[in-house]
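J.: The structure file query.csv (CSV, C-alpha atoms) is provided below.
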chain,number,residue,atom,x,y,z
A,2,LEU,CA,23.5,2.3,5.0
A,3,SER,CA,23.0,-1.4,4.3
A,4,LEU,CA,20.0,-3.4,3.0
A,5,TYR,CA,19.3,-7.0,3.9
A,6,THR,CA,16.7,-9.3,2.3
A,7,TRP,CA,15.4,-12.8,2.8
A,8,GLY,CA,12.5,-15.1,1.9
A,9,THR,CA,11.1,-16.2,-1.5
A,10,ASN,CA,13.3,-15.0,-4.4
A,11,ALA,CA,10.9,-14.4,-7.3
A,12,ASN,CA,12.9,-13.5,-10.4
A,13,GLY,CA,15.3,-11.3,-8.4
A,14,SER,CA,12.9,-9.7,-6.1
A,15,LEU,CA,15.3,-10.1,-3.2
A,16,LEU,CA,18.0,-8.2,-5.1
A,17,GLN,CA,20.5,-11.0,-4.5
A,18,ASP,CA,23.0,-12.4,-7.0
A,19,THR,CA,21.7,-15.9,-6.6
A,20,THR,CA,19.4,-18.3,-8.5
A,21,ASP,CA,18.2,-19.8,-5.2
A,22,LYS,CA,14.4,-19.9,-4.9
A,23,VAL,CA,14.6,-19.2,-1.2
A,24,VAL,CA,17.0,-17.1,0.9
A,25,TRP,CA,16.6,-18.5,4.4
A,26,GLN,CA,18.5,-15.8,6.5
A,27,PRO,CA,19.1,-12.1,6.1
A,28,VAL,CA,21.8,-11.5,3.4
A,29,LYS,CA,23.3,-8.1,2.6
A,30,VAL,CA,22.4,-6.8,-0.8
A,31,GLN,CA,25.5,-6.1,-2.9
A,32,SER,CA,23.9,-4.8,-6.1
A,33,ILE,CA,22.7,-1.4,-4.8
A,34,PRO,CA,22.6,1.2,-7.6
A,35,ASN,CA,24.1,3.9,-5.3
A,36,ASN,CA,27.5,2.2,-4.6
A,37,ASN,CA,29.4,4.7,-6.6
A,38,SER,CA,27.4,7.8,-5.9
A,39,ASP,CA,26.2,10.0,-3.1
A,40,ASN,CA,22.6,8.9,-3.4
A,41,LYS,CA,21.3,6.9,-0.5
A,42,ILE,CA,18.4,4.5,-0.1
A,43,VAL,CA,15.4,6.3,1.5
A,44,GLY,CA,12.8,3.7,0.9
A,45,VAL,CA,12.1,0.1,0.0
A,46,THR,CA,8.7,-1.1,-1.2
A,47,CYS,CA,7.8,-4.8,-1.4
A,48,GLY,CA,5.0,-6.0,-3.6
A,49,PRO,CA,3.9,-9.7,-3.6
A,50,THR,CA,6.6,-10.6,-6.2
A,51,ASP,CA,8.4,-7.3,-7.0
A,52,THR,CA,10.6,-4.8,-5.2
A,53,ALA,CA,11.2,-1.1,-5.6
A,54,VAL,CA,14.1,0.8,-4.2
A,55,LEU,CA,13.8,4.6,-3.8
A,56,LEU,CA,16.9,6.8,-3.7
A,57,ASP,CA,17.1,10.3,-2.1
A,58,ASN,CA,17.5,11.9,-5.5
A,59,GLY,CA,14.1,10.4,-6.5
A,60,ASP,CA,15.3,7.6,-8.7
A,61,VAL,CA,13.3,4.4,-8.5
A,62,TRP,CA,15.0,1.0,-9.2
A,63,VAL,CA,13.0,-2.1,-9.6
A,64,ALA,CA,13.3,-5.9,-9.9
A,65,GLY,CA,11.0,-8.9,-9.8
A,66,THR,CA,8.5,-11.0,-11.9
A,67,ASN,CA,6.9,-8.0,-13.7
A,68,LYS,CA,4.2,-10.3,-15.0
A,69,LEU,CA,1.7,-7.6,-15.8
A,70,GLY,CA,4.2,-4.8,-16.5
A,71,GLN,CA,3.9,-3.4,-13.0
A,72,LEU,CA,7.6,-2.4,-13.0
A,73,GLY,CA,7.1,0.2,-15.6
A,74,LEU,CA,9.9,-0.8,-17.9
A,75,GLY,CA,7.8,-1.2,-21.1
A,76,HIS,CA,7.6,-5.0,-21.1
A,77,THR,CA,6.3,-7.9,-19.1
A,78,ASN,CA,9.5,-9.9,-18.9
A,79,PRO,CA,11.1,-10.9,-15.5
A,80,VAL,CA,13.6,-8.3,-14.2
A,81,PRO,CA,16.2,-10.3,-12.3
A,82,GLN,CA,18.5,-7.3,-11.6
A,83,LEU,CA,17.8,-3.9,-10.3
A,84,THR,CA,16.8,-1.6,-13.2
A,85,LYS,CA,16.0,2.1,-13.1
A,86,ILE,CA,12.6,3.2,-14.3
A,87,PRO,CA,13.3,5.6,-17.1
A,88,ASN,CA,11.4,8.8,-17.8
A,89,LEU,CA,10.0,9.1,-14.3
A,90,PRO,CA,10.3,12.5,-12.5
A,91,PRO,CA,11.9,12.4,-9.0
A,92,ALA,CA,9.8,10.2,-6.8
A,93,GLU,CA,8.6,10.7,-3.2
A,94,LYS,CA,6.4,7.6,-2.5
A,95,VAL,CA,6.0,4.2,-4.2
A,96,SER,CA,3.1,1.7,-3.7
A,97,MET,CA,3.1,-1.7,-5.3
A,98,GLY,CA,-0.1,-3.8,-5.5
A,99,PRO,CA,-0.5,-7.3,-6.8
A,100,ASN,CA,-1.0,-6.1,-10.3
A,101,ASN,CA,0.2,-2.5,-10.6
A,102,THR,CA,2.2,0.3,-9.2
A,103,GLY,CA,1.6,3.9,-8.2
A,104,VAL,CA,4.3,6.6,-7.8
A,105,VAL,CA,3.9,10.0,-6.1
A,106,THR,CA,6.6,12.5,-7.3
A,107,LYS,CA,8.3,15.2,-5.3
A,108,ASP,CA,6.1,17.7,-7.2
A,109,GLY,CA,2.9,16.0,-6.1
A,110,ASP,CA,2.1,14.3,-9.4
A,111,LEU,CA,0.8,10.7,-9.6
A,112,TYR,CA,2.0,8.2,-12.1
A,113,THR,CA,0.5,4.7,-12.4
A,114,PHE,CA,1.3,1.6,-14.5
A,115,GLY,CA,0.6,-2.1,-14.8
A,116,PHE,CA,-2.7,-3.9,-15.0
A,117,GLY,CA,-5.6,-1.6,-15.7
A,118,GLY,CA,-8.5,-4.0,-14.9
A,119,SER,CA,-11.0,-6.1,-16.7
A,120,LEU,CA,-14.8,-6.6,-16.9
A,121,VAL,CA,-14.4,-9.4,-14.3
A,122,ALA,CA,-11.9,-7.8,-11.9
A,123,GLY,CA,-13.2,-4.3,-12.3
A,124,MET,CA,-11.8,-1.4,-14.3
A,125,GLY,CA,-10.3,2.0,-13.6
A,126,CYS,CA,-7.8,1.2,-10.9
A,127,LEU,CA,-5.1,3.2,-12.6
A,128,GLY,CA,-7.2,6.4,-12.7
A,129,HIS,CA,-6.8,7.2,-16.4
A,130,GLY,CA,-10.5,7.1,-17.3
A,131,ASN,CA,-10.3,3.6,-18.9
A,132,GLY,CA,-9.5,0.0,-18.3
A,133,ASP,CA,-6.3,0.0,-20.3
A,134,SER,CA,-3.1,-1.4,-19.0
A,135,TYR,CA,0.1,0.6,-19.2
A,136,LEU,CA,3.7,-0.8,-19.4
A,137,GLN,CA,5.3,2.5,-18.6
A,138,PRO,CA,4.6,5.2,-16.0
A,139,LYS,CA,1.6,7.4,-17.1
A,140,LEU,CA,0.7,10.7,-15.5
A,141,VAL,CA,-2.8,10.7,-13.9
A,142,GLU,CA,-3.8,13.9,-15.8
A,143,SER,CA,-7.2,14.4,-14.0
A,144,LEU,CA,-5.4,15.3,-10.8
A,145,VAL,CA,-3.4,17.9,-12.6
A,146,GLU,CA,-6.5,19.3,-14.3
A,147,ASP,CA,-8.2,19.6,-10.9
A,148,GLY,CA,-5.2,21.2,-9.3
A,149,CYS,CA,-4.7,18.4,-6.8
A,150,TYR,CA,-1.3,17.4,-5.4
A,151,ALA,CA,-0.8,13.8,-4.3
A,152,LYS,CA,0.7,13.1,-0.9
A,153,ASP,CA,0.3,9.3,-0.8
A,154,VAL,CA,-1.1,6.4,-2.8
A,155,VAL,CA,-2.2,2.8,-1.9
A,156,MET,CA,-2.7,0.2,-4.6
A,157,GLY,CA,-5.2,-2.5,-3.9
A,158,GLU,CA,-5.9,-5.6,-6.0
A,159,SER,CA,-8.4,-3.7,-8.3
A,160,HIS,CA,-8.8,-0.3,-6.8
A,161,MET,CA,-6.6,2.7,-5.8
A,162,THR,CA,-6.7,5.2,-3.0
A,163,VAL,CA,-5.0,8.6,-3.0
A,164,LEU,CA,-4.4,11.1,-0.3
A,165,THR,CA,-3.9,14.7,-1.4
A,166,ARG,CA,-1.7,17.2,0.3
A,167,GLU,CA,-4.9,19.0,1.4
A,168,GLY,CA,-6.0,15.8,3.2
A,169,GLU,CA,-8.7,14.7,0.7
A,170,VAL,CA,-9.1,11.0,0.1
A,171,LEU,CA,-9.8,9.9,-3.5
A,172,THR,CA,-10.6,6.4,-4.8
A,173,THR,CA,-11.0,4.8,-8.3
A,174,GLY,CA,-11.4,1.3,-9.7
A,175,ALA,CA,-13.6,-1.7,-8.8
A,176,SER,CA,-16.6,-0.9,-6.6
A,177,SER,CA,-17.4,-4.4,-5.5
A,178,TYR,CA,-17.4,-5.0,-1.7
A,179,GLY,CA,-17.7,-1.2,-1.2
A,180,ARG,CA,-14.0,-0.7,-1.6
A,181,LEU,CA,-14.5,2.8,-3.1
A,182,GLY,CA,-16.1,4.1,0.1
A,183,ASN,CA,-19.0,5.9,-1.8
A,184,GLY,CA,-21.8,3.5,-1.0
A,185,GLU,CA,-21.6,1.9,-4.5
A,186,THR,CA,-21.0,-1.8,-5.1
A,187,SER,CA,-21.9,-2.3,-8.7
A,188,VAL,CA,-20.6,0.7,-10.7
A,189,ASP,CA,-16.8,1.0,-11.2
A,190,GLN,CA,-15.1,4.4,-11.2
A,191,LEU,CA,-12.7,5.2,-14.1
A,192,PHE,CA,-11.4,8.5,-12.5
A,193,LEU,CA,-10.4,9.4,-9.0
A,194,GLU,CA,-13.4,10.7,-7.0
A,195,PRO,CA,-13.5,12.0,-3.4
A,196,VAL,CA,-14.8,9.8,-0.5
A,197,GLU,CA,-17.4,12.4,0.5
A,198,ILE,CA,-17.9,11.3,4.1
A,199,LEU,CA,-14.3,12.0,5.0
A,200,GLN,CA,-13.6,15.7,5.2
A,201,LYS,CA,-9.9,15.3,5.8
A,202,ALA,CA,-7.4,12.6,6.6
A,203,ASP,CA,-3.8,12.5,7.8
A,204,GLU,CA,-2.8,9.0,6.5
A,205,ILE,CA,-4.1,6.1,4.5
A,206,ALA,CA,-3.4,2.4,4.3
A,207,GLY,CA,-5.0,-0.5,2.5
A,208,GLY,CA,-5.0,-4.2,1.6
A,209,LYS,CA,-6.3,-6.4,-1.1
A,210,SER,CA,-9.9,-5.0,-1.1
A,211,PHE,CA,-10.2,-2.6,1.9
A,212,THR,CA,-8.9,0.8,2.9
A,213,LEU,CA,-8.2,2.6,6.2
A,214,ALA,CA,-7.9,6.3,6.8
A,215,LEU,CA,-6.5,8.0,9.9
A,216,ALA,CA,-8.1,11.4,10.8
A,217,ASP,CA,-7.5,13.3,14.0
A,218,GLY,CA,-6.3,10.2,15.9
A,219,VAL,CA,-9.2,7.9,14.9
A,220,ILE,CA,-9.5,5.2,12.2
A,221,TYR,CA,-12.1,4.9,9.5
A,222,GLY,CA,-12.3,1.8,7.3
A,223,TRP,CA,-14.3,0.6,4.3
A,224,GLY,CA,-14.4,-2.2,1.8
A,225,ARG,CA,-14.3,-6.0,2.4
A,226,ASN,CA,-14.5,-7.3,6.0
A,227,HIS,CA,-14.7,-11.1,5.6
A,228,LYS,CA,-11.7,-11.6,7.8
A,229,GLY,CA,-12.3,-8.8,10.3
A,230,GLN,CA,-9.8,-6.5,8.5
A,231,LEU,CA,-11.9,-3.4,9.2
A,232,GLY,CA,-11.8,-4.1,13.0
A,233,THR,CA,-15.5,-3.4,13.4
A,234,GLY,CA,-16.0,-6.3,15.8
A,235,PHE,CA,-19.0,-7.7,13.9
A,236,GLY,CA,-19.6,-9.4,10.6
A,237,MET,CA,-18.5,-12.9,11.4
A,238,ALA,CA,-15.3,-14.0,9.7
A,239,VAL,CA,-17.2,-16.8,8.0
A,240,ASP,CA,-19.4,-14.4,6.1
A,241,MET,CA,-17.6,-13.9,2.8
A,242,TYR,CA,-19.9,-11.0,1.9
A,243,SER,CA,-19.2,-8.9,4.9
A,244,MET,CA,-18.3,-5.3,4.0
A,245,GLU,CA,-18.7,-1.6,4.8
A,246,GLN,CA,-19.8,0.5,1.8
A,247,VAL,CA,-18.8,3.9,3.4
A,248,PRO,CA,-16.1,4.8,5.9
A,249,TYR,CA,-17.0,3.3,9.3
A,250,LEU,CA,-15.5,4.7,12.5
A,251,LEU,CA,-13.5,2.1,14.3
A,252,ASP,CA,-14.7,2.7,17.8
A,253,ALA,CA,-13.5,-0.6,19.4
A,254,ASP,CA,-13.3,-0.7,23.2
A,255,GLU,CA,-9.6,-1.3,23.2
A,256,LEU,CA,-8.9,2.0,21.4
A,257,LEU,CA,-11.3,4.2,23.6
A,258,ASN,CA,-9.5,7.2,25.0
A,259,ARG,CA,-6.4,6.4,22.9
A,260,THR,CA,-5.0,8.5,20.1
A,261,VAL,CA,-3.8,6.6,17.0
A,262,THR,CA,-0.7,8.0,15.3
A,263,LYS,CA,0.0,5.4,12.6
A,264,ILE,CA,-1.8,2.8,10.6
A,265,ALA,CA,-0.7,-0.1,8.4
A,266,ALA,CA,-2.5,-2.7,6.4
A,267,GLY,CA,-1.7,-6.1,4.8
A,268,HIS,CA,-3.6,-8.4,2.5
A,269,SER,CA,-6.5,-9.0,5.0
A,270,HIS,CA,-5.3,-7.6,8.3
A,271,ALA,CA,-4.2,-4.3,9.8
A,272,ALA,CA,-2.3,-2.7,12.6
A,273,CYS,CA,-2.0,0.7,14.4
A,274,ILE,CA,0.2,2.5,16.9
A,275,THR,CA,-1.1,4.8,19.6
A,276,SER,CA,0.5,8.0,20.9
A,277,SER,CA,1.9,6.0,23.9
A,278,GLY,CA,3.7,3.5,21.7
A,279,GLU,CA,1.2,0.7,22.0
A,280,LEU,CA,0.7,-1.7,19.1
A,281,PHE,CA,-2.7,-3.1,18.1
A,282,THR,CA,-3.6,-5.6,15.3
A,283,TRP,CA,-6.8,-7.1,13.9
A,284,GLY,CA,-8.0,-9.2,10.9
A,285,SER,CA,-6.8,-12.4,9.2
A,286,SER,CA,-9.9,-14.2,10.8
A,287,LEU,CA,-8.0,-14.1,14.2
A,288,ASN,CA,-9.4,-10.9,15.7
A,289,LEU,CA,-12.5,-9.0,14.5
A,290,GLU,CA,-11.5,-5.8,16.3
A,291,PRO,CA,-8.2,-4.3,17.5
A,292,VAL,CA,-6.3,-6.2,20.1
A,293,ARG,CA,-3.3,-4.9,22.0
A,294,VAL,CA,-0.1,-6.8,21.4
A,295,VAL,CA,1.0,-7.4,25.0
A,296,GLU,CA,4.3,-9.1,24.0
A,297,VAL,CA,5.8,-5.6,23.1
A,298,LEU,CA,4.4,-3.6,26.0
A,299,HIS,CA,7.9,-3.4,27.5
A,300,THR,CA,9.0,-1.0,24.7
A,301,LYS,CA,7.6,1.9,22.8
A,302,ILE,CA,6.6,1.1,19.2
A,303,ILE,CA,7.3,3.9,16.6
A,304,ASP,CA,6.5,2.2,13.3
A,305,VAL,CA,4.7,-0.8,11.9
A,306,LYS,CA,4.3,-2.5,8.5
A,307,CYS,CA,2.0,-5.3,7.4
A,308,GLY,CA,2.7,-8.0,4.7
A,309,ASN,CA,0.5,-10.7,3.3
A,310,ASP,CA,0.1,-12.5,6.6
A,311,TYR,CA,2.7,-11.0,8.8
A,312,THR,CA,3.5,-7.8,10.7
A,313,MET,CA,6.8,-6.1,11.6
A,314,ALA,CA,7.1,-3.4,14.3
A,315,LEU,CA,10.0,-1.1,15.0
A,316,SER,CA,10.7,0.0,18.6
A,317,GLU,CA,12.3,3.3,19.6
Just dump the structure as structure tokens.
T.:
Amino acid sequence: LSLYTWGTNANGSLLQDTTDKVVWQPVKVQSIPNNNSDNKIVGVTCGPTDTAVLLDNGDVWVAGTNKLGQLGLGHTNPVPQLTKIPNLPPAEKVSMGPNNTGVVTKDGDLYTFGFGGSLVAGMGCLGHGNGDSYLQPKLVESLVEDGCYAKDVVMGESHMTVLTREGEVLTTGASSYGRLGNGETSVDQLFLEPVEILQKADEIAGGKSFTLALADGVIYGWGRNHKGQLGTGFGMAVDMYSMEQVPYLLDADELLNRTVTKIAAGHSHAACITSSGELFTWGSSLNLEPVRVVEVLHTKIIDVKCGNDYTMALSE
């Protein structure tokens, strides 16, 4: 199993043994921590300037700028070479936002670390009941106290969304632009609270200041919509205050009578796949509602990921 990387090399975020600022073509990564063991790479998570590699034994190895301590190593210095996060239970999922990181363990616990917020940016995005920042992984104790087991986590710029194993969607952090999905835009949350309108979800995805949830084959979205990232088809892209304060059913004409099986979100755009393998994208001030990508109709799409301003799709 080989890993290739390319693009902007921010303090070792490409995991390459080079000081070049840019790697122009895919290059095989040589410094993988499992070279001399049976542990294989099962996941790679890319933040804006940092990278995390997840091994099948649950170890998480990281590299990158680490400007706000989002790599969980106890400091804010650059990490040019892959380094294992110590004192972290075996991990199942890793989500890296611009300022912080969330890790779901194999036991269903949630650990968060990095920037905790401010009066200007909003507070509570780490879910610890305060606006403090943490340089090492810290268990979100409120989930344990409530008997909730995490299934997935999505880190936004100043808010966090969690999907539990029971399908409940929880949010915490800045409330501006309705990104918490509870109808509030002025009072931040310091703890994870349920998005009441959603009874149960199968999957979550999110960008800088919006969130999507997939439930029974349909998509719900909330938060900022100034670039059409919620796919509602209205709220002109030039309106910087456009938002949805509670989950809005994405009922675009293009998706009628189609069952959505997977969702993905980038900085200000999103994508989805239907049961027949069709790919749809929207946002980035290009499309205000889902549009089918006709260029890949010749094949069945089975996975999709969104970056800052780009999308990657995997065919069968």
J.: Skip Val219 of chain A itself and residues of its chain fewer than 2 positions away, then list as a list of chain:residue names all residues within 9 Å of it, counting only C-alpha atoms.
T.: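 In the requested format, the answer is A:Ala214, A:Leu215, A:Ala216, A:Asp217, A:Tyr221, A:Leu250, A:Leu251, A:Asp252, A:Leu256, A:Arg259, A:Thr260, A:Val261, A:Thr262.
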J.: Which residues, protein or nucleic acid, reach to within 7 Å of (10.5, 2.1, -13.4) in the file's coordinates when using only C-alpha atoms, and can you give that as a ChimeraX atom specification?
T.: /A:61-63,72-74,85-87
J.: For a test of reading the model, state the distance in Å between atom CA of Leu127 of chain A and atom CA of Gln71 of chain A, rounded to one decimal.
T.: 11.2 Å
J.: Near Thr20 of chain A, within 12 Å and counting only C-alpha atoms, which residues show up once chain neighbours fewer than 2 positions away are dropped, as a PDB file with C-alpha atoms, in the frame of the given file?
T.:
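File produced: out.pdb:
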ATOM      1  CA  THR A   9      11.100 -16.200  -1.500  1.00  0.00           C
ATOM      2  CA  ASN A  10      13.300 -15.000  -4.400  1.00  0.00           C
ATOM      3  CA  ALA A  11      10.900 -14.400  -7.300  1.00  0.00           C
ATOM      4  CA  ASN A  12      12.900 -13.500 -10.400  1.00  0.00           C
ATOM      5  CA  GLY A  13      15.300 -11.300  -8.400  1.00  0.00           C
ATOM      6  CA  SER A  14      12.900  -9.700  -6.100  1.00  0.00           C
ATOM      7  CA  LEU A  15      15.300 -10.100  -3.200  1.00  0.00           C
ATOM      8  CA  LEU A  16      18.000  -8.200  -5.100  1.00  0.00           C
ATOM      9  CA  GLN A  17      20.500 -11.000  -4.500  1.00  0.00           C
ATOM     10  CA  ASP A  18      23.000 -12.400  -7.000  1.00  0.00           C
ATOM     11  CA  LYS A  22      14.400 -19.900  -4.900  1.00  0.00           C
ATOM     12  CA  VAL A  23      14.600 -19.200  -1.200  1.00  0.00           C
ATOM     13  CA  VAL A  24      17.000 -17.100   0.900  1.00  0.00           C
ATOM     14  CA  PRO A  81      16.200 -10.300 -12.300  1.00  0.00           C
ATOM     15  CA  GLN A  82      18.500  -7.300 -11.600  1.00  0.00           C
TER      16      GLN A  82
END
J.: Can you work out the spacing between atom CA of Ser134 of chain A and atom CA of Glu194 of chain A in Å, to one decimal?
T.: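 Atom-to-atom, atom CA of Ser134 of chain A and atom CA of Glu194 of chain A are spaced 19.9 Å apart.
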J.: Might you pull out every residue within 10 Å of Val145 of chain A, with only C-alpha atoms counted and same-chain residues fewer than 5 positions away left off, and present them as a PyMOL selection string?
T.: chain A and resi 109-111+140+150-151
J.: Looking at A:His299, A:Lys94, A:Lys228, A:Lys306, which one is nearest to Ser269 of chain A, with distances taken over all atoms listed in the file?
T.: A:Lys228
J.: Which of these, A:Val121, A:Leu193, A:Met313, A:Val305, has the shortest distance to Ser143 of chain A once you count all atoms listed in the file?
T.: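 The shortest atom-to-atom distance to Ser143 of chain A comes from A:Leu193.
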J.: Work out how far apart atom CA of Val95 of chain A and atom CA of Leu69 of chain A are and give it in Å to one decimal.
T.: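 These atoms are spaced 17.1 Å apart.
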J.: Calculated over all atoms listed in the file, which of the candidates A:Ala253, A:Leu315, A:Met244, A:Leu4 has the smallest distance to Arg293 of chain A?
T.: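 So, comparing all the options, the nearest one is A:Ala253.
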J.: Could you tell me which of A:Gly130, A:Gly218, A:Gly59, A:Gly234 comes closest to Leu89 of chain A if we count only C-alpha atoms?
T.: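 Among the listed residues, the smallest separation from Leu89 of chain A belongs to A:Gly59.
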